[in-house]
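**Q** Pasting entry00.tsv below, which is TSV, C-alpha atoms.
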chain	number	residue	atom	x	y	z
A	1	VAL	CA	20.48	-10.80	8.10
A	2	LYS	CA	16.84	-10.82	9.17
A	3	ARG	CA	16.97	-7.25	10.47
A	4	HIS	CA	18.17	-6.07	7.06
A	5	LEU	CA	15.82	-8.13	4.88
A	6	GLU	CA	12.57	-8.14	6.86
A	7	PRO	CA	11.70	-4.43	6.31
A	8	LEU	CA	12.16	-4.92	2.56
A	9	ALA	CA	9.90	-7.99	2.62
A	10	VAL	CA	7.23	-6.15	4.63
A	11	ALA	CA	7.32	-3.22	2.19
A	12	ALA	CA	7.08	-5.52	-0.83
A	13	ASN	CA	4.13	-7.34	0.73
A	14	ALA	CA	2.33	-4.02	1.32
A	15	THR	CA	2.99	-2.42	-2.06
A	16	GLN	CA	2.18	-5.55	-4.09
A	17	SER	CA	-1.33	-6.03	-2.69
A	18	ASP	CA	-4.44	-5.58	-4.82
A	19	PHE	CA	-5.42	-2.45	-2.87
A	20	ALA	CA	-2.05	-0.68	-2.63
A	21	ARG	CA	-3.15	2.90	-3.32
A	22	LEU	CA	-0.73	5.72	-4.06
A	23	ASP	CA	-0.89	6.99	-0.48
A	24	VAL	CA	-0.09	3.48	0.78
A	25	VAL	CA	3.01	3.37	-1.42
A	26	LEU	CA	4.29	6.76	-0.24
A	27	VAL	CA	3.68	6.01	3.45
A	28	THR	CA	5.43	2.66	2.97
A	29	LEU	CA	8.46	4.36	1.41
A	30	VAL	CA	8.68	6.83	4.30
A	31	ASN	CA	8.40	4.03	6.85
A	32	LEU	CA	11.02	1.99	5.02
A	33	TYR	CA	13.36	4.99	4.90
A	34	HIS	CA	13.15	5.47	8.66
A	35	LYS	CA	13.52	1.75	9.31
A	36	PHE	CA	16.95	1.99	7.68
A	37	CYS	CA	17.90	4.86	9.98
A	38	ASP	CA	18.32	2.29	12.76
A	39	PRO	CA	21.86	2.67	14.22
A	40	LEU	CA	21.93	-1.07	15.00
A	41	LEU	CA	22.00	-1.94	11.30
A	42	ASP	CA	25.04	-1.86	9.07
A	43	GLN	CA	25.40	1.81	8.20
A	44	ALA	CA	26.90	1.23	4.75
A	45	VAL	CA	23.88	-0.87	3.78
A	46	CYS	CA	21.48	1.65	5.35
A	47	GLU	CA	23.03	4.56	3.49
A	48	ALA	CA	22.83	2.72	0.18
A	49	VAL	CA	19.19	1.73	0.75
A	50	ARG	CA	18.20	5.27	1.74
A	51	SER	CA	19.97	6.70	-1.30
A	52	SER	CA	18.22	4.20	-3.55
A	53	LEU	CA	14.81	5.08	-2.05
A	54	GLU	CA	15.45	8.81	-2.49
A	55	LYS	CA	16.54	8.28	-6.07
A	56	ARG	CA	13.44	6.34	-7.05
A	57	TRP	CA	11.17	8.76	-5.23
A	58	ALA	CA	12.81	11.66	-7.10
A	59	LYS	CA	11.98	9.97	-10.42
A	60	ALA	CA	8.32	9.37	-9.50
A	61	ASP	CA	5.32	11.60	-10.26
A	62	GLN	CA	5.54	13.06	-6.79
A	63	GLU	CA	2.54	15.38	-6.99
A	64	VAL	CA	-0.03	12.62	-7.48
A	65	PHE	CA	1.44	10.53	-4.64
A	66	ILE	CA	1.39	13.55	-2.30
A	67	LEU	CA	-2.14	14.45	-3.36
A	68	ALA	CA	-3.27	10.88	-2.60
A	69	VAL	CA	-1.99	11.33	0.96
A	70	VAL	CA	-3.82	14.66	1.27
A	71	LEU	CA	-7.05	13.13	-0.05
A	72	ASN	CA	-6.93	10.39	2.59
A	73	PRO	CA	-9.22	11.85	5.29
A	74	SER	CA	-7.30	10.00	8.00
A	75	LEU	CA	-4.10	11.87	7.09
A	76	ARG	CA	-4.82	15.05	5.11
A	77	VAL	CA	-1.87	17.41	5.78
A	78	SER	CA	-1.18	16.57	9.41
A	79	CYS	CA	1.48	13.95	8.55
A	80	PHE	CA	3.73	16.44	6.73
A	81	ALA	CA	6.74	17.95	8.46
A	82	PRO	CA	6.08	21.24	10.31
A	83	GLY	CA	8.12	23.27	7.81
A	84	SER	CA	6.89	21.45	4.72
A	85	PRO	CA	5.49	23.60	1.88
A	86	TYR	CA	2.64	21.10	1.69
A	87	ARG	CA	1.29	22.58	4.91
A	88	GLN	CA	0.57	25.76	2.95
A	89	PHE	CA	-2.58	25.99	0.86
A	90	PRO	CA	-0.97	27.73	-2.19
A	91	LYS	CA	1.41	24.78	-2.65
A	92	LEU	CA	-1.42	22.27	-2.22
A	93	TRP	CA	-3.56	24.20	-4.66
A	94	THR	CA	-0.80	24.13	-7.28
A	95	CYS	CA	-0.55	20.37	-6.81
A	96	VAL	CA	-4.29	19.65	-7.10
A	97	ARG	CA	-4.63	22.13	-9.97
A	98	ASN	CA	-1.95	20.32	-11.98
A	99	ILE	CA	-3.57	16.93	-11.35
A	100	PHE	CA	-7.01	18.34	-12.23
A	101	ARG	CA	-5.74	19.64	-15.56
A	102	TRP	CA	-3.99	16.34	-16.16
A	103	PHE	CA	-7.24	14.40	-15.68
A	104	TYR	CA	-9.81	16.73	-17.27
A	105	GLY	CA	-7.85	19.08	-19.55
A	106	GLU	CA	-9.42	22.21	-18.06
A	107	GLU	CA	-8.99	24.59	-15.14
A	108	PRO	CA	-10.72	24.01	-11.77
A	109	ASN	CA	-13.21	26.74	-10.89
A	110	GLY	CA	-13.78	28.76	-7.72
A	111	ASP	CA	-16.26	26.27	-6.24
A	112	PHE	CA	-13.69	23.50	-6.56
A	113	ARG	CA	-11.03	25.68	-4.89
A	114	ARG	CA	-13.33	26.54	-1.97
A	115	ALA	CA	-14.32	22.91	-1.52
A	116	PHE	CA	-10.69	21.78	-1.53
A	117	HIS	CA	-9.73	24.52	0.95
A	118	ASP	CA	-12.52	23.51	3.35
A	119	TYR	CA	-11.49	19.86	3.03
A	120	VAL	CA	-7.86	20.63	3.85
A	121	GLN	CA	-8.97	22.70	6.85
A	122	CYS	CA	-11.36	19.90	7.92
A	123	VAL	CA	-14.32	22.26	8.36
A	124	GLY	CA	-17.98	22.26	7.40
A	125	GLU	CA	-19.16	19.30	5.39
A	126	TRP	CA	-15.58	18.01	5.23
A	127	SER	CA	-15.13	17.47	8.96
A	128	ASN	CA	-14.52	13.93	10.18
A	129	ASP	CA	-18.01	13.75	11.69
A	130	ASN	CA	-19.81	14.93	8.56
A	131	MET	CA	-17.74	12.63	6.35
A	132	GLY	CA	-18.53	9.68	8.65
A	133	LEU	CA	-14.85	8.80	9.02
A	134	ASP	CA	-15.16	7.44	12.56
A	135	GLN	CA	-18.07	5.19	11.59
A	136	HIS	CA	-16.19	3.79	8.61
A	137	GLN	CA	-13.15	3.13	10.80
A	138	ASP	CA	-15.27	1.35	13.44
A	139	HIS	CA	-16.95	-0.86	10.82
A	140	ALA	CA	-13.61	-1.68	9.23
A	141	LYS	CA	-12.17	-2.60	12.62
A	142	MET	CA	-15.08	-4.93	13.38
A	143	ASP	CA	-14.75	-6.59	9.97
A	144	GLN	CA	-10.94	-6.75	10.33
A	145	ARG	CA	-10.30	-4.89	7.08
A	146	ASN	CA	-9.05	-1.52	5.88
A	147	VAL	CA	-11.36	1.45	5.38
A	148	ASN	CA	-12.79	1.55	1.87
A	149	LEU	CA	-11.94	5.15	0.99
A	150	ILE	CA	-13.66	4.92	-2.40
A	151	GLN	CA	-16.95	3.99	-0.70
A	152	LEU	CA	-16.47	6.76	1.87
A	153	TRP	CA	-16.06	9.41	-0.84
A	154	ARG	CA	-18.82	7.93	-3.02
A	155	GLU	CA	-21.32	8.39	-0.18
A	156	LEU	CA	-20.58	12.13	-0.23
A	157	ASP	CA	-21.54	12.54	-3.89
A	158	THR	CA	-24.90	13.76	-5.16
A	159	ILE	CA	-27.45	10.99	-5.66
A	160	THR	CA	-28.53	11.17	-9.32
A	161	SER	CA	-30.93	8.23	-9.19
A	162	GLY	CA	-34.45	9.25	-10.26
A	163	LEU	CA	-33.43	12.43	-12.05
A	164	GLY	CA	-34.84	13.21	-15.47
A	165	THR	CA	-33.66	11.18	-18.47
A	166	ASP	CA	-33.98	11.69	-22.19
A	167	SER	CA	-35.49	9.36	-24.75
A	168	THR	CA	-32.40	7.16	-24.73
A	169	GLY	CA	-32.66	6.59	-20.97
A	170	SER	CA	-29.49	8.55	-20.12
A	171	THR	CA	-29.40	11.37	-17.59
A	172	HIS	CA	-29.84	14.89	-18.91
A	173	ALA	CA	-26.67	16.90	-19.46
A	174	SER	CA	-27.79	19.40	-16.80
A	175	THR	CA	-27.82	16.66	-14.16
A	176	THR	CA	-24.61	14.87	-15.06
A	177	ALA	CA	-21.63	15.22	-12.76
A	178	SER	CA	-19.37	18.18	-13.49
A	179	PRO	CA	-15.60	17.90	-13.15
A	180	ASN	CA	-15.76	21.11	-11.09
A	181	GLY	CA	-17.31	22.14	-7.81
A	182	VAL	CA	-17.87	19.86	-4.82
A	183	SER	CA	-18.80	16.92	-7.03
A	184	GLY	CA	-15.63	17.49	-9.03
A	185	LEU	CA	-13.48	17.20	-5.90
A	186	ILE	CA	-15.22	13.95	-5.00
A	187	HIS	CA	-14.76	12.46	-8.46
A	188	LEU	CA	-11.12	13.55	-8.69
A	189	THR	CA	-10.46	11.95	-5.31
A	190	MET	CA	-12.06	8.67	-6.37
A	191	HIS	CA	-9.93	8.70	-9.53
A	192	VAL	CA	-6.70	9.31	-7.61
A	193	LEU	CA	-7.46	6.78	-4.85
A	194	SER	CA	-8.44	4.15	-7.45
A	195	ILE	CA	-4.94	4.08	-8.93
A	196	VAL	CA	-3.03	0.91	-8.00
A	197	PRO	CA	0.62	1.33	-9.06
A	198	ASN	CA	1.47	-2.32	-9.43
A	199	SER	CA	0.65	-5.18	-11.78
A	200	ALA	CA	0.14	-7.84	-9.11
A	201	ALA	CA	-3.63	-8.11	-9.64
A	202	THR	CA	-3.21	-8.38	-13.42
A	203	GLU	CA	-0.57	-11.09	-13.02
A	204	ARG	CA	-2.90	-13.03	-10.70
A	205	ILE	CA	-5.66	-12.87	-13.31
A	206	PHE	CA	-3.31	-14.22	-15.97
A	207	SER	CA	-2.34	-17.00	-13.54
A	208	GLN	CA	-6.04	-17.81	-13.10
A	209	PHE	CA	-6.40	-17.96	-16.87
A	210	GLY	CA	-3.58	-20.50	-16.94
A	211	VAL	CA	-5.24	-22.61	-14.23
A	212	ILE	CA	-8.59	-22.56	-16.04
A	213	HIS	CA	-7.39	-22.92	-19.65
A	214	THR	CA	-5.20	-26.01	-19.31
A	215	LYS	CA	-3.94	-28.48	-21.90
A	216	LEU	CA	-6.87	-30.75	-21.10
A	217	ARG	CA	-9.32	-27.86	-21.57
A	218	ASN	CA	-7.63	-26.13	-24.47
A	219	ARG	CA	-10.84	-25.80	-26.47
A	220	LEU	CA	-12.56	-23.56	-23.95
A	221	ASP	CA	-14.04	-20.43	-25.45
A	222	PRO	CA	-12.15	-17.27	-24.30
A	223	GLU	CA	-15.42	-15.77	-23.07
A	224	LYS	CA	-16.03	-18.79	-20.82
A	225	VAL	CA	-12.50	-18.51	-19.47
A	226	ARG	CA	-13.09	-14.83	-18.71
A	227	LYS	CA	-16.37	-15.56	-16.92
A	228	GLN	CA	-14.84	-18.35	-14.82
A	229	ALA	CA	-11.98	-16.03	-13.84
A	230	LEU	CA	-14.48	-13.34	-12.84
A	231	VAL	CA	-16.46	-15.81	-10.73
A	232	LYS	CA	-13.30	-17.02	-9.00
A	233	SER	CA	-12.07	-13.48	-8.32
A	234	ASN	CA	-15.45	-12.41	-6.97
A	235	THR	CA	-15.66	-15.52	-4.78
A	236	ILE	CA	-12.24	-14.79	-3.30
A	237	ALA	CA	-13.19	-11.16	-2.71
A	238	GLN	CA	-16.39	-12.11	-0.88
A	239	HIS	CA	-15.42	-15.29	0.97
A	240	GLY	CA	-11.64	-15.16	1.24
A	241	SER	CA	-8.87	-16.90	-0.60
A	242	LEU	CA	-7.68	-20.47	-0.46
A	243	ARG	CA	-4.97	-19.39	1.96
A	244	GLN	CA	-7.53	-18.21	4.52
A	245	ARG	CA	-9.51	-21.42	4.25
A	246	LYS	CA	-6.35	-23.50	4.60
A	247	ARG	CA	-5.39	-21.39	7.60
A	248	LYS	CA	-8.71	-22.22	9.26
A	249	PHE	CA	-8.26	-25.90	8.39
A	250	PHE	CA	-4.90	-25.98	10.14
A	251	ALA	CA	-6.34	-24.22	13.17
A	252	ASP	CA	-9.33	-26.55	13.55
A	253	SER	CA	-8.27	-29.99	12.33
A	254	ASP	CA	-4.91	-30.55	13.92
A	255	ASP	CA	-4.66	-28.55	17.14
A	256	GLU	CA	-2.13	-30.87	18.71
A	257	SER	CA	0.31	-30.79	15.82
A	258	GLU	CA	-0.11	-27.04	15.54
A	259	SER	CA	0.64	-26.53	19.22
A	260	ASN	CA	3.74	-28.69	18.86
A	261	HIS	CA	4.71	-26.72	15.79
A	262	CYS	CA	4.21	-23.43	17.64
A	263	SER	CA	6.24	-24.73	20.54
A	264	SER	CA	9.09	-25.61	18.23
A	265	ASN	CA	8.83	-22.18	16.62
A	266	GLN	CA	9.07	-20.58	20.04
A	267	LEU	CA	12.21	-22.58	20.71
A	268	THR	CA	13.82	-21.59	17.44
A	269	SER	CA	12.53	-18.11	16.67
A	270	GLY	CA	10.49	-16.88	19.64
A	271	PRO	CA	11.37	-13.89	21.78
A	272	SER	CA	12.54	-16.10	24.65
A	273	ASP	CA	15.42	-17.53	22.58
A	274	ASN	CA	17.24	-14.50	21.29
A	275	SER	CA	20.62	-16.14	21.76
A	276	SER	CA	20.11	-18.69	18.99
A	277	SER	CA	18.88	-16.10	16.50
A	278	GLU	CA	21.70	-13.75	17.41
A	279	SER	CA	24.29	-16.51	17.01
A	280	LEU	CA	22.79	-17.37	13.64
A	281	SER	CA	22.95	-13.74	12.63
A	282	ASP	CA	26.55	-13.43	13.77
A	283	GLN	CA	27.44	-16.63	11.96
A	284	HIS	CA	26.22	-15.38	8.57
A	285	SER	CA	26.67	-11.62	8.89
A	286	HIS	CA	30.29	-11.77	7.76
A	287	GLU	CA	29.09	-13.47	4.56
A	288	PHE	CA	25.94	-11.42	4.01
A	289	LEU	CA	27.05	-7.82	4.46
A	290	PRO	CA	30.02	-7.84	2.03
A	291	VAL	CA	27.79	-9.31	-0.68
A	292	VAL	CA	25.19	-6.61	-0.10
A	293	ARG	CA	27.81	-3.86	-0.24
A	294	ASP	CA	29.19	-5.24	-3.52
A	295	LEU	CA	25.72	-5.37	-5.07
A	296	LEU	CA	24.92	-1.83	-3.96
A	297	GLU	CA	28.22	-0.57	-5.34
A	298	ASP	CA	27.41	-2.19	-8.67
A	299	VAL	CA	24.02	-0.47	-8.71
A	300	GLU	CA	25.53	2.91	-7.89
A	301	SER	CA	28.23	2.55	-10.57
A	302	ALA	CA	25.58	1.67	-13.14
A	303	ASP	CA	23.40	4.58	-11.96
A	304	PRO	CA	25.74	7.47	-11.14
A	305	ASP	CA	22.87	9.86	-10.34
A	306	VAL	CA	21.93	8.18	-7.08
A	307	HIS	CA	22.92	11.21	-5.02
A	308	CYS	CA	22.35	13.92	-7.59
A	309	HIS	CA	18.93	15.01	-6.29
A	310	SER	CA	20.16	15.51	-2.74
A	311	ASN	CA	22.27	18.55	-3.75
A	312	SER	CA	19.27	20.59	-4.85
A	313	ASP	CA	18.06	23.05	-2.22
A	314	ASN	CA	14.72	23.50	-4.01
A	315	SER	CA	13.86	19.80	-3.69
A	316	SER	CA	15.09	19.29	-0.13
A	317	ALA	CA	11.54	19.51	1.24
A	318	LEU	CA	10.53	16.67	-1.08
A	319	LEU	CA	13.16	14.25	0.18
A	320	LEU	CA	11.72	11.27	2.04
A	321	LYS	CA	13.75	12.17	5.11
A	322	ASN	CA	12.12	15.65	5.24
A	323	LEU	CA	8.66	14.99	3.82
A	324	PHE	CA	6.83	13.60	6.86
A	325	HIS	CA	6.99	14.28	10.56
A	326	TYR	CA	8.00	10.83	11.73
A	327	PRO	CA	9.01	10.53	15.41
A	328	SER	CA	11.19	7.72	16.67
A	329	ALA	CA	8.72	6.80	19.42
A	330	HIS	CA	4.97	6.86	20.04
A	331	ASN	CA	5.01	10.38	21.41
A	332	GLY	CA	3.56	12.37	18.54
A	333	PRO	CA	0.02	13.45	17.66
A	334	GLY	CA	-2.63	10.94	16.70
A	335	THR	CA	-2.13	11.23	12.96
A	336	VAL	CA	1.62	10.85	13.25
A	337	ASN	CA	1.16	7.71	15.30
A	338	GLN	CA	-1.03	6.38	12.49
A	339	LEU	CA	2.10	6.27	10.33
A	340	ILE	CA	3.76	4.04	12.90
A	341	GLY	CA	0.58	1.99	13.30
A	342	PHE	CA	0.43	1.54	9.53
A	343	TRP	CA	3.81	-0.18	9.53
A	344	GLY	CA	2.71	-2.33	12.45
A	345	ARG	CA	-0.30	-3.54	10.45
A	346	CYS	CA	1.99	-4.28	7.50
A	347	GLU	CA	4.24	-6.34	9.76
A	348	GLN	CA	1.23	-8.20	11.15
A	349	SER	CA	-0.04	-9.03	7.66
A	350	PHE	CA	3.43	-10.18	6.65
A	351	SER	CA	3.79	-12.39	9.75
A	352	ILE	CA	0.44	-14.04	8.95
A	353	GLU	CA	1.68	-14.88	5.46
A	354	VAL	CA	4.95	-16.25	6.82
A	355	GLU	CA	3.13	-18.36	9.42
A	356	PHE	CA	0.84	-19.76	6.76
A	357	HIS	CA	3.77	-20.62	4.50
A	358	ASP	CA	5.54	-22.31	7.40
A	359	GLN	CA	2.46	-24.43	8.06
A	360	ILE	CA	2.26	-25.45	4.41
A	361	ALA	CA	5.96	-26.31	4.37
A	362	ALA	CA	5.66	-28.40	7.53
A	363	THR	CA	2.63	-30.25	6.14
A	364	ARG	CA	4.13	-30.88	2.74
A	365	GLY	CA	7.36	-32.06	4.27
A	366	SER	CA	9.67	-30.50	1.71
A	367	ASP	CA	10.38	-27.00	0.49
A	368	SER	CA	10.00	-27.93	-3.17
A	369	GLU	CA	6.47	-29.24	-2.69
A	370	TYR	CA	5.58	-26.16	-0.66
A	371	ILE	CA	6.81	-23.82	-3.38
A	372	LEU	CA	4.82	-25.65	-6.04
A	373	PHE	CA	1.70	-25.58	-3.89
A	374	TYR	CA	2.08	-21.90	-3.11
A	375	PHE	CA	2.37	-20.83	-6.74
A	376	ASP	CA	-0.43	-23.15	-7.83
A	377	SER	CA	-2.80	-21.63	-5.28
Let me see the file written as structure tokens.
**A**
Amino acid sequence: VKRHLEPLAVAANATQSDFARLDVVLVTLVNLYHKFCDPLLDQAVCEAVRSSLEKRWAKADQEVFILAVVLNPSLRVSCFAPGSPYRQFPKLWTCVRNIFRWFYGEEPNGDFRRAFHDYVQCVGEWSNDNMGLDQHQDHAKMDQRNVNLIQLWRELDTITSGLGTDSTGSTHASTTASPNGVSGLIHLTMHVLSIVPNSAATERIFSQFGVIHTKLRNRLDPEKVRKQALVKSNTIAQHGSLRQRKRKFFADSDDESESNHCSSNQLTSGPSDNSSSESLSDQHSHEFLPVVRDLLEDVESADPDVHCHSNSDNSSALLLKNLFHYPSAHNGPGTVNQLIGFWGRCEQSFSIEVEFHDQIAATRGSDSEYILFYFDS
């Protein structure tokens, strides 16, 4: 049961974060697809999950997701399969041209095309050294965070501070950023990488509004509620959330109980006690798998076009199974191994959340109290 559900939980945790960019979503889908190629899992379930992933990917705006991967300097085009059309510049140019016209309503010029070509080839001012990619990665590693790609690209843009302004104080039209040229590529990239395709952050803000504007404080002015929500969000962004502070509290204030708790976890779910987890899995697998198959059959009967896209030869290169070069072991080039390392970081983040929730549940003493506490915080 755990082997089937854990990859889905890891993927949901990654794609529902506040900083889940389009490239993060696509890389997560590819990782999830290959996780369900495991021969040790139930093949009927795996086939249904893979078909569902391919169906939803076929219905997505694929070009903007693929362009987001290309505009990630850590990946560019090196993660695509060797025979993929997205390793050819004409196909990439068609993709970026369509997105450019979508954003700005005009055609990209020759300077933009040359800048994009040099970026794809990783030459000149677009090399890793000139873009400062290694420095950003080192700083992010020291701070235990992900690389801020928006900041990386913003540093490459022309500095307009101090340029001439008119009587209104705004910058002259001749000095404003153009949607074309090198600056246009930078601005388009920041637009694409700023897209977060989920509503998790918005839902959290509405939850904060509910915490602030309670029945006892129902006469608060909406502007004050907005300002308090902004202060709380900024405080969490700078100093960490309540979960992180609680995590530190557990680590510092009750070492003995935590060690006992960890010992019990090792006895029940640690790597040294595989027999108990396997027996638990065997005990419930005969109940779990038939239910999953029935649910998947219901989904397929309600959506008869699950497999329709797989019969098209023109779109075969866009299938998740063919899009990326994804080896089964750590024996590929550095960029390919980053795809595997990405999933490892997602699993690590997910395990931290699970550990924190287990600590809260153990402290609260009941699952109901833990659930209430989790949603309140």
**Q** Give me, as a list in words, all polymer residues having an atom no more than 9 Å from Asn109 (chain A), counting all atoms listed in the file and skipping those fewer than 3 positions away in the same chain.
**A**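 My reading of the contact set: Phe112, Arg113, Arg114, Asn180 and Gly181 of chain A.
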**Q** Which is closer to Leu230 (chain A) than all the others in A:Val24, A:Arg204, A:Trp153, A:Ala317, using only C-alpha atoms?
**A**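 Residue with the minimum atom-to-atom distance to Leu230 (chain A): A:Arg204.
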**Q** May I have the residues within 9 Å of Leu152 (chain A) as a PDB file with C-alpha atoms, keeping the file's coordinate frame, using only C-alpha atoms and disregarding those fewer than 5 positions away in the same chain?
**A**
ATOM      1  CA  MET A 131     -17.740  12.630   6.350  1.00  0.00           C
ATOM      2  CA  GLY A 132     -18.530   9.680   8.650  1.00  0.00           C
ATOM      3  CA  LEU A 133     -14.850   8.800   9.020  1.00  0.00           C
ATOM      4  CA  HIS A 136     -16.190   3.790   8.610  1.00  0.00           C
ATOM      5  CA  VAL A 147     -11.360   1.450   5.380  1.00  0.00           C
TER       6      VAL A 147
END
**Q** Rounded to one decimal, what separation in Å do you get between CA of Ala81 (chain A) and CA of Phe324 (chain A)?
**A**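 According to the coordinates, CA of Ala81 (chain A) and CA of Phe324 (chain A) are separated by 4.6 Å.
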**Q** Name the closest residue to Pro90 (chain A) among the candidates A:Val120, A:Leu318, A:Ile236, A:Ala68; distances are taken between atoms, counting all atoms listed in the file.
**A**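 Ranking A:Val120, A:Leu318, A:Ile236, A:Ala68 by distance to Pro90 (chain A), first place goes to A:Val120.
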**Q** Rank nothing, just name the residue among A:Leu185, A:Leu193, A:Leu320, A:Ala229 nearest to Gly110 (chain A), using all atoms listed in the file.
**A** A:Leu185
**Q** Let me make sure I understand: among A:Trp343, A:Val182, A:Cys95, A:Ser127, which one has the smallest atom-to-atom distance to Val25 (chain A) if we use only C-alpha atoms?
**A**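 Looking only at the distances to Val25 (chain A), the closest residue turns out to be A:Trp343.
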**Q** Is there a way to get, as a ChimeraX atom specification, all residues within 12 Å of the point (-2.7, 0.8, -7.5) in file coordinates, counting all atoms listed in the file?
**A** /A:14-26,65,68,191-202
**Q** Between CA of Gln135 (chain A) and CA of Arg76 (chain A), measure the distance and give it in Å to one decimal.
**A**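 Calculated distance between CA of Gln135 (chain A) and CA of Arg76 (chain A) is 17.7 Å.
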**Q** For a test of reading the model, state the distance in Å between CA of Ser52 (chain A) and CA of Val69 (chain A), rounded to one decimal.
**A**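 If I compute the distance from CA of Ser52 (chain A) to CA of Val69 (chain A), I get 21.9 Å.
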**Q** Identify which of the residues A:Gly124, A:Pro73, A:Pro7, A:Pro222 lies closest to Leu29 (chain A), counting only C-alpha atoms when measuring atom-to-atom distances.
**A**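 Once distances to Leu29 (chain A) are computed over only C-alpha atoms, the minimum belongs to A:Pro7.
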**Q** Counting only C-alpha atoms, which residue out of A:Gly341, A:Leu323, A:Gln151, A:Asn13 sits closest to Trp57 (chain A)?
**A**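 Using only C-alpha atoms, Trp57 (chain A) sits closest to A:Leu323.
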**Q** Go ahead and fit an axis-aligned box to every listed atom of region 46-59 of chain A plus 8 Å each side, and pass me the centre and edge lengths in Å, one decimal, as lines of an AutoDock Vina configuration file.
**A**
center_x = 17.1
center_y = 6.7
center_z = -2.5
size_x = 27.9
size_y = 26.0
size_z = 31.8
**Q** Hey, what's within 12 Å of Ser207 (chain A) if we count all atoms listed in the file and toss same-chain stuff fewer than 2 positions away? As a list in words, please?
**A**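 Result of the neighbour search: Ala200, Ala201, Thr202, Glu203, Arg204, Ile205, Phe209, Gly210, Val211, Ile212, His213, Thr214, Val225, Ala229, Lys232, Ser233, Phe375, Asp376 and Ser377 of chain A.
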**Q** Write to file, as an mmCIF file, keeping the file's coordinate frame, the residues of the selection just made, with C-alpha atoms.
**A**
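The resulting file, out.cif, is reproduced below:
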data_model
loop_
_atom_site.group_PDB
_atom_site.id
_atom_site.type_symbol
_atom_site.label_atom_id
_atom_site.label_comp_id
_atom_site.auth_asym_id
_atom_site.auth_seq_id
_atom_site.Cartn_x
_atom_site.Cartn_y
_atom_site.Cartn_z
ATOM 1 C CA ALA A 200 0.140 -7.840 -9.110
ATOM 2 C CA ALA A 201 -3.630 -8.110 -9.640
ATOM 3 C CA THR A 202 -3.210 -8.380 -13.420
ATOM 4 C CA GLU A 203 -0.570 -11.090 -13.020
ATOM 5 C CA ARG A 204 -2.900 -13.030 -10.700
ATOM 6 C CA ILE A 205 -5.660 -12.870 -13.310
ATOM 7 C CA PHE A 209 -6.400 -17.960 -16.870
ATOM 8 C CA GLY A 210 -3.580 -20.500 -16.940
ATOM 9 C CA VAL A 211 -5.240 -22.610 -14.230
ATOM 10 C CA ILE A 212 -8.590 -22.560 -16.040
ATOM 11 C CA HIS A 213 -7.390 -22.920 -19.650
ATOM 12 C CA THR A 214 -5.200 -26.010 -19.310
ATOM 13 C CA VAL A 225 -12.500 -18.510 -19.470
ATOM 14 C CA ALA A 229 -11.980 -16.030 -13.840
ATOM 15 C CA LYS A 232 -13.300 -17.020 -9.000
ATOM 16 C CA SER A 233 -12.070 -13.480 -8.320
ATOM 17 C CA PHE A 375 2.370 -20.830 -6.740
ATOM 18 C CA ASP A 376 -0.430 -23.150 -7.830
ATOM 19 C CA SER A 377 -2.800 -21.630 -5.280
#
